[in-house]
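The next block is target_7.cif, given as mmCIF, C-alpha atoms.
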```
data_run
loop_
_atom_site.label_atom_id
_atom_site.label_comp_id
_atom_site.auth_asym_id
_atom_site.auth_seq_id
_atom_site.Cartn_x
_atom_site.Cartn_y
_atom_site.Cartn_z
CA MET A 234 27.79 19.79 43.96
CA SER A 235 30.86 20.25 41.78
CA PRO A 236 34.33 19.51 43.22
CA ILE A 237 35.22 23.18 42.90
CA ARG A 238 32.16 24.28 44.89
CA LYS A 239 32.82 21.59 47.50
CA PHE A 240 36.40 22.85 47.88
CA ALA A 241 35.23 26.43 48.18
CA LEU A 242 32.64 25.49 50.81
CA ALA A 243 35.18 23.48 52.79
CA ALA A 244 37.63 26.36 52.68
CA THR A 245 34.95 28.78 53.86
CA LEU A 246 33.90 26.53 56.71
CA GLY A 247 37.53 25.95 57.68
CA PHE A 248 38.21 29.68 57.76
CA ALA A 249 35.07 30.27 59.83
CA ALA A 250 36.19 27.59 62.28
CA MET A 251 39.59 29.22 62.60
CA GLN A 252 37.95 32.58 63.24
CA ALA A 253 35.63 31.07 65.84
CA GLN A 254 38.63 29.68 67.72
CA ALA A 255 40.48 32.99 67.79
CA ALA A 256 40.57 34.60 71.21
CA ASN A 257 40.98 38.24 72.15
CA VAL A 258 43.69 38.65 74.77
CA LEU A 259 43.99 41.84 76.78
CA VAL A 260 47.64 42.72 77.38
CA VAL A 261 48.02 45.26 80.18
CA LEU A 262 51.19 47.28 80.60
CA SER A 263 52.28 50.09 82.89
CA ASP A 264 52.11 53.78 82.00
CA ALA A 265 55.26 54.34 84.07
CA ASN A 266 58.75 54.87 82.72
CA HIS A 267 60.37 54.74 86.16
CA LEU A 268 60.13 53.21 89.62
CA ASP A 269 60.31 55.35 92.75
CA LEU A 270 62.84 53.83 95.15
CA LYS A 271 63.68 54.49 98.79
CA ASP A 272 65.28 57.80 99.80
CA GLY A 273 63.80 59.66 96.85
CA LYS A 274 65.86 57.80 94.25
CA VAL A 275 64.38 56.96 90.86
CA PHE A 276 65.07 53.98 88.60
CA PRO A 277 64.34 54.36 84.84
CA THR A 278 62.44 51.28 83.69
CA GLY A 279 59.47 50.00 81.68
CA PHE A 280 58.46 46.60 80.30
CA TYR A 281 60.93 43.82 79.48
CA LEU A 282 61.20 43.09 75.77
CA ASN A 283 61.06 39.30 75.98
CA GLU A 284 58.38 39.26 78.66
CA LEU A 285 56.05 41.21 76.41
CA MET A 286 57.00 40.11 72.93
CA GLN A 287 57.58 36.39 73.31
CA PRO A 288 54.01 35.75 74.53
CA VAL A 289 52.55 38.32 72.12
CA LYS A 290 54.30 36.71 69.14
CA LEU A 291 53.13 33.25 70.18
CA LEU A 292 49.56 34.50 70.57
CA LEU A 293 49.58 36.22 67.19
CA ASP A 294 51.22 33.24 65.48
CA ALA A 295 48.42 31.05 66.89
CA GLY A 296 45.84 33.32 65.25
CA HIS A 297 44.63 35.11 68.37
CA HIS A 298 43.91 38.82 68.64
CA VAL A 299 45.71 41.08 71.07
CA THR A 300 44.48 44.36 72.56
CA PHE A 301 47.04 46.49 74.37
CA ALA A 302 46.09 48.73 77.28
CA THR A 303 47.58 50.77 80.12
CA PRO A 304 45.71 52.46 82.98
CA GLU A 305 45.86 55.88 81.32
CA GLY A 306 46.26 54.80 77.69
CA ASN A 307 49.80 56.13 77.32
CA ALA A 308 52.39 54.45 75.12
CA PRO A 309 54.44 52.12 77.34
CA THR A 310 58.20 52.37 77.72
CA LEU A 311 60.73 49.66 76.89
CA ASP A 312 63.29 48.99 79.60
CA ALA A 313 66.45 49.48 77.53
CA SER A 314 68.40 46.96 79.61
CA SER A 315 66.05 44.19 78.41
CA ASP A 316 66.91 44.76 74.75
CA ASP A 317 69.58 42.09 74.99
CA LYS A 318 70.16 38.66 73.46
CA MET A 319 70.68 37.16 76.94
CA TYR A 320 66.90 37.17 77.38
CA PHE A 321 66.51 35.18 74.14
CA ASP A 322 68.94 32.36 74.97
CA ASN A 323 71.68 34.44 73.33
CA ASP A 324 69.93 33.99 69.98
CA VAL A 325 70.53 37.21 68.04
CA THR A 326 68.05 36.21 65.35
CA ALA A 327 65.30 35.74 67.94
CA LEU A 328 66.13 39.08 69.51
CA GLN A 329 65.90 40.81 66.15
CA ALA A 330 62.61 39.11 65.27
CA HIS A 331 60.92 40.20 68.51
CA ARG A 332 62.42 43.67 68.28
CA ALA A 333 61.06 43.94 64.73
CA LEU A 334 57.57 42.88 65.84
CA LEU A 335 57.58 45.50 68.58
CA SER A 336 58.52 48.11 65.99
CA LYS A 337 55.80 46.90 63.61
CA LEU A 338 53.14 47.14 66.32
CA LYS A 339 54.29 50.71 67.18
CA LEU A 340 53.48 50.14 70.83
CA THR A 341 56.03 52.62 72.14
CA SER A 342 55.26 55.32 69.58
CA ARG A 343 54.00 58.47 71.31
CA SER A 344 51.89 59.35 68.24
CA GLU A 345 50.91 55.99 66.72
CA SER A 346 50.64 53.55 69.63
CA PRO A 347 47.50 51.36 69.47
CA VAL A 348 47.35 51.25 73.28
CA VAL A 349 44.01 52.15 74.86
CA SER A 350 43.14 53.10 78.43
CA LEU A 351 41.56 50.66 80.87
CA SER A 352 38.53 52.95 81.04
CA ARG A 353 38.19 52.41 77.28
CA VAL A 354 38.47 48.66 77.87
CA ALA A 355 35.55 48.93 80.30
CA GLN A 356 33.55 50.76 77.63
CA MET A 357 34.37 48.02 75.12
CA GLY A 358 33.10 45.48 77.66
CA TYR A 359 35.13 42.97 79.63
CA ALA A 360 33.06 40.21 78.03
CA ASN A 361 34.83 40.91 74.73
CA PHE A 362 38.10 39.58 76.15
CA ASP A 363 38.96 35.94 76.76
CA ALA A 364 42.15 36.29 78.78
CA ILE A 365 44.52 38.85 80.24
CA TYR A 366 48.31 38.96 80.23
CA VAL A 367 50.57 41.26 82.25
CA PRO A 368 54.32 41.28 81.50
CA GLY A 369 57.01 42.44 83.88
CA GLY A 370 59.83 44.88 84.05
CA HIS A 371 59.85 46.99 87.20
CA ALA A 372 57.19 49.40 85.89
CA PRO A 373 54.15 47.46 87.26
CA MET A 374 55.56 48.15 90.73
CA GLN A 375 54.91 51.85 90.11
CA ASP A 376 51.25 51.89 89.08
CA LEU A 377 49.60 48.55 88.23
CA LEU A 378 49.64 47.31 91.83
CA THR A 379 47.22 50.07 92.90
CA SER A 380 45.28 50.70 89.68
CA PRO A 381 41.53 50.65 90.48
CA GLU A 382 40.75 50.18 86.77
CA LEU A 383 42.91 47.09 86.59
CA GLY A 384 41.39 45.84 89.81
CA LYS A 385 37.96 45.90 88.19
CA VAL A 386 39.23 43.92 85.21
CA LEU A 387 40.81 41.28 87.44
CA GLN A 388 37.72 40.97 89.61
CA ASP A 389 35.58 40.41 86.52
CA PHE A 390 37.96 37.83 85.08
CA HIS A 391 38.19 36.08 88.44
CA ALA A 392 34.40 35.87 88.73
CA ARG A 393 34.19 34.38 85.23
CA GLY A 394 37.21 32.09 85.61
CA LYS A 395 38.99 33.62 82.62
CA PRO A 396 42.71 32.92 82.18
CA THR A 397 44.79 35.51 84.02
CA ALA A 398 48.51 35.32 83.19
CA LEU A 399 51.35 37.41 84.60
CA VAL A 400 55.14 37.13 84.66
CA CYS A 401 58.16 38.35 86.67
CA HIS A 402 57.16 41.67 88.34
CA GLY A 403 53.78 41.48 86.58
CA PRO A 404 52.04 39.44 89.33
CA ILE A 405 52.32 42.44 91.67
CA ALA A 406 49.35 43.76 89.67
CA LEU A 407 47.16 41.20 91.46
CA LEU A 408 47.20 43.50 94.49
CA SER A 409 45.01 45.95 92.56
CA ALA A 410 42.06 43.62 93.12
CA MET A 411 42.04 44.56 96.83
CA THR A 412 39.51 47.06 98.15
CA ASP A 413 42.30 49.38 99.33
CA ALA A 414 45.52 48.46 97.56
CA PRO A 415 47.10 51.90 98.14
CA ALA A 416 46.77 51.57 101.93
CA PHE A 417 48.21 48.04 101.86
CA THR A 418 51.24 49.02 99.77
CA GLN A 419 51.87 52.25 101.67
CA ARG A 420 51.95 50.42 104.99
CA LEU A 421 54.21 47.74 103.55
CA ALA A 422 56.60 50.38 102.19
CA ALA A 423 56.63 52.28 105.49
CA THR A 424 56.96 49.41 107.95
CA GLY A 425 57.83 46.27 106.04
CA HIS A 426 54.58 44.67 107.22
CA ALA A 427 50.98 45.01 106.10
CA VAL A 428 47.73 43.62 107.43
CA LYS A 429 46.40 40.75 105.35
CA PRO A 430 43.20 41.99 103.68
CA ALA A 431 40.04 40.03 104.25
CA ASP A 432 38.72 40.52 100.75
CA TRP A 433 41.60 39.73 98.37
CA ILE A 434 40.23 37.41 95.70
CA TYR A 435 43.58 35.63 95.23
CA ALA A 436 44.16 34.77 98.90
CA GLY A 437 45.09 31.10 99.14
CA TYR A 438 46.10 30.85 95.47
CA ARG A 439 49.42 29.25 94.64
CA MET A 440 51.48 31.77 92.69
CA THR A 441 54.95 32.97 91.86
CA VAL A 442 56.69 36.26 91.12
CA ILE A 443 60.33 37.28 90.95
CA SER A 444 61.78 36.01 94.22
CA ASN A 445 63.40 38.01 96.98
CA ALA A 446 66.59 36.04 96.30
CA GLU A 447 66.52 37.01 92.62
CA GLU A 448 65.85 40.64 93.52
CA GLN A 449 68.95 40.58 95.71
CA LEU A 450 71.03 39.03 92.93
CA ALA A 451 69.84 41.69 90.47
CA LYS A 452 70.14 44.59 92.92
CA SER A 453 73.02 46.11 90.96
CA LEU A 454 70.53 47.06 88.24
CA LEU A 455 69.14 49.71 90.60
CA ASN A 456 72.44 51.62 90.56
CA GLY A 457 72.72 51.79 94.33
CA GLY A 458 69.02 52.28 94.95
CA GLU A 459 66.71 50.05 96.96
CA MET A 460 63.12 49.05 96.29
CA LYS A 461 60.50 50.02 98.84
CA PHE A 462 59.49 46.36 99.11
CA TYR A 463 59.86 43.19 97.10
CA PRO A 464 56.89 41.68 95.24
CA GLN A 465 57.33 38.24 96.82
CA THR A 466 56.94 39.76 100.26
CA ALA A 467 53.91 41.76 99.16
CA LEU A 468 52.07 38.80 97.66
CA GLU A 469 52.84 36.58 100.65
CA GLN A 470 51.60 39.18 103.12
CA ALA A 471 48.46 39.65 101.02
CA GLY A 472 47.66 35.96 101.38
CA GLY A 473 49.27 34.35 98.32
CA VAL A 474 50.91 30.92 98.65
CA TYR A 475 54.33 31.55 97.15
CA SER A 476 56.21 29.01 95.04
CA SER A 477 59.80 29.41 93.87
CA ASN A 478 62.27 27.69 91.59
CA THR A 479 65.30 25.94 93.09
CA GLN A 480 67.85 27.69 90.87
CA PRO A 481 67.61 31.49 90.42
CA PHE A 482 66.52 32.85 87.06
CA THR A 483 65.42 29.50 85.66
CA SER A 484 61.90 29.08 84.33
CA HIS A 485 59.17 28.46 86.89
CA VAL A 486 55.45 28.58 86.07
CA VAL A 487 52.66 28.08 88.58
CA THR A 488 48.99 27.51 87.74
CA ASP A 489 46.07 27.60 90.15
CA ARG A 490 42.52 27.80 88.86
CA GLU A 491 42.37 30.70 86.38
CA LEU A 492 45.72 32.09 87.49
CA ILE A 493 48.97 31.53 85.55
CA THR A 494 52.11 33.12 86.97
CA GLY A 495 55.76 33.02 85.89
CA GLN A 496 58.69 33.85 88.15
CA ASN A 497 61.18 35.68 85.94
CA PRO A 498 62.14 36.57 82.34
CA ALA A 499 63.00 32.94 81.61
CA SER A 500 59.38 32.01 82.45
CA ALA A 501 57.70 34.14 79.76
CA VAL A 502 57.48 31.40 77.13
CA GLY A 503 56.23 28.88 79.69
CA VAL A 504 53.47 31.26 80.77
CA ALA A 505 52.53 31.85 77.13
CA ASP A 506 52.41 28.10 76.45
CA GLU A 507 50.08 27.56 79.41
CA LEU A 508 47.88 30.45 78.30
CA LEU A 509 47.67 29.04 74.78
CA LYS A 510 46.47 25.72 76.21
CA ARG A 511 43.63 27.52 77.97
CA LEU A 512 42.59 29.30 74.76
CA LYS A 513 42.15 26.14 72.66
#
```
Render the structure in this file as structure tokens.
Amino acid sequence: MSPIRKFALAATLGFAAMQAQAANVLVVLSDANHLDLKDGKVFPTGFYLNELMQPVKLLLDAGHHVTFATPEGNAPTLDASSDDKMYFDNDVTALQAHRALLSKLKLTSRSESPVVSLSRVAQMGYANFDAIYVPGGHAPMQDLLTSPELGKVLQDFHARGKPTALVCHGPIALLSAMTDAPAFTQRLAATGHAVKPADWIYAGYRMTVISNAEEQLAKSLLNGGEMKFYPQTALEQAGGVYSSNTQPFTSHVVTDRELITGQNPASAVGVADELLKRLK
């Protein structure tokens, strides 16, 4: 075989190997652009820029494929307060790069967003996805925590041991895997206490989510409003074994079996790094 043909064959095999290693990651966001608070107040919100785009960029840079979905298939909303260099270590260049990628992907475009519904994901087949990632922002507290469609995805991934990564408020979505998540969250909102479900697949898992202490420190973001309950409290009462950092708003990532959780915006890169390890 000539050197040229050998080179061509090697290049072809190398490309095929790269393609074989590429994973398809399902990124699930909220349809909501607000969070209902106590006393009828409403807080405009959405996803956090760094919590979505830092992991997405790392996944794409590593050659993986990303499929974006929301429960209803609507274009998600960016929480405007997260479009800030403070979430990128005050690196303006990094902020601009991730902002540009978001624009290129057209995720928030009402007419051109590539986002599909979770019912469409079911039609595509859960087996076509290798991992799931759920970013934060307050929006998951509005709909992902009780989404039956998301619950089905999580139950399938749990049964197959597929990497399941979530960050900041994102881990509240784990409640959707309960048989009756709406009843659990309604009781928690009404009384501050809910009965631990007997069938939650993540009971006993070590996990993290934005802490009650961090919620208190960031309470001014709600403009005088108050959340119906905090995600740490919800996950603990559901049966999760909560783990927290020692200094608020510093990175903290917890792994337990297929589950990868990050505590706050500063944890997004750490969650992505752990997910990338699982996809090799």
- Excluding same-chain residues fewer than 2 positions from Leu340 of chain A, what lies within 12 Å of it counting all atoms listed in the file, as JSON, numbers by chain? {"A": [260, 261, 262, 264, 280, 282, 285, 286, 289, 299, 300, 301, 302, 303, 306, 307, 308, 309, 310, 311, 332, 333, 334, 335, 336, 337, 338, 342, 343, 344, 345, 346, 347, 348, 349]}
With distances taken over only C-alpha atoms, the candidate from A:Thr494, A:Gln375, A:Thr424, A:Asn283 nearest Ala265 of chain A is A:Gln375
Spell out the residues picked by the PyMOL selection byres ((chain A and resi 380-386) around 10) here, as a short mmCIF file (atom, residue, chain, number, x, y, z; two decimals) with C-alpha atoms, in the frame of the given file.
```
data_model
loop_
_atom_site.label_atom_id
_atom_site.label_comp_id
_atom_site.auth_asym_id
_atom_site.auth_seq_id
_atom_site.Cartn_x
_atom_site.Cartn_y
_atom_site.Cartn_z
CA LEU A 259 43.99 41.84 76.78
CA VAL A 261 48.02 45.26 80.18
CA SER A 263 52.28 50.09 82.89
CA ALA A 302 46.09 48.73 77.28
CA THR A 303 47.58 50.77 80.12
CA PRO A 304 45.71 52.46 82.98
CA GLU A 305 45.86 55.88 81.32
CA SER A 350 43.14 53.10 78.43
CA LEU A 351 41.56 50.66 80.87
CA SER A 352 38.53 52.95 81.04
CA VAL A 354 38.47 48.66 77.87
CA ALA A 355 35.55 48.93 80.30
CA GLY A 358 33.10 45.48 77.66
CA TYR A 359 35.13 42.97 79.63
CA ILE A 365 44.52 38.85 80.24
CA PRO A 373 54.15 47.46 87.26
CA GLN A 375 54.91 51.85 90.11
CA ASP A 376 51.25 51.89 89.08
CA LEU A 377 49.60 48.55 88.23
CA LEU A 378 49.64 47.31 91.83
CA THR A 379 47.22 50.07 92.90
CA LEU A 387 40.81 41.28 87.44
CA GLN A 388 37.72 40.97 89.61
CA ASP A 389 35.58 40.41 86.52
CA PHE A 390 37.96 37.83 85.08
CA HIS A 391 38.19 36.08 88.44
CA ALA A 406 49.35 43.76 89.67
CA LEU A 407 47.16 41.20 91.46
CA LEU A 408 47.20 43.50 94.49
CA SER A 409 45.01 45.95 92.56
CA ALA A 410 42.06 43.62 93.12
CA MET A 411 42.04 44.56 96.83
CA THR A 412 39.51 47.06 98.15
CA ASP A 413 42.30 49.38 99.33
CA ALA A 414 45.52 48.46 97.56
CA PRO A 415 47.10 51.90 98.14
#
```
Computed gap from atom CA of Asn266 of chain A to atom CA of Arg353 of chain A is 21.4 Å
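Taking atom CA of Gln356 of chain A and atom CA of Pro396 of chain A as endpoints, the distance between them is 20.6 Å.
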Requested in this report: Would you please work out which residue, of A:Leu509, A:Leu270, A:Val400, A:Ala423, is nearest to His485 of chain A when using all atoms listed in the file?
Outcome: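 Using all atoms listed in the file, the shortest distance to His485 of chain A belongs to A:Val400.
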task = For the structure provided, state which residues fall under the PyMOL selection byres ((chain A and resi 489) around 8), and present them as a PyMOL selection string.
result = chain A and resi 438-440+487-488+490-493
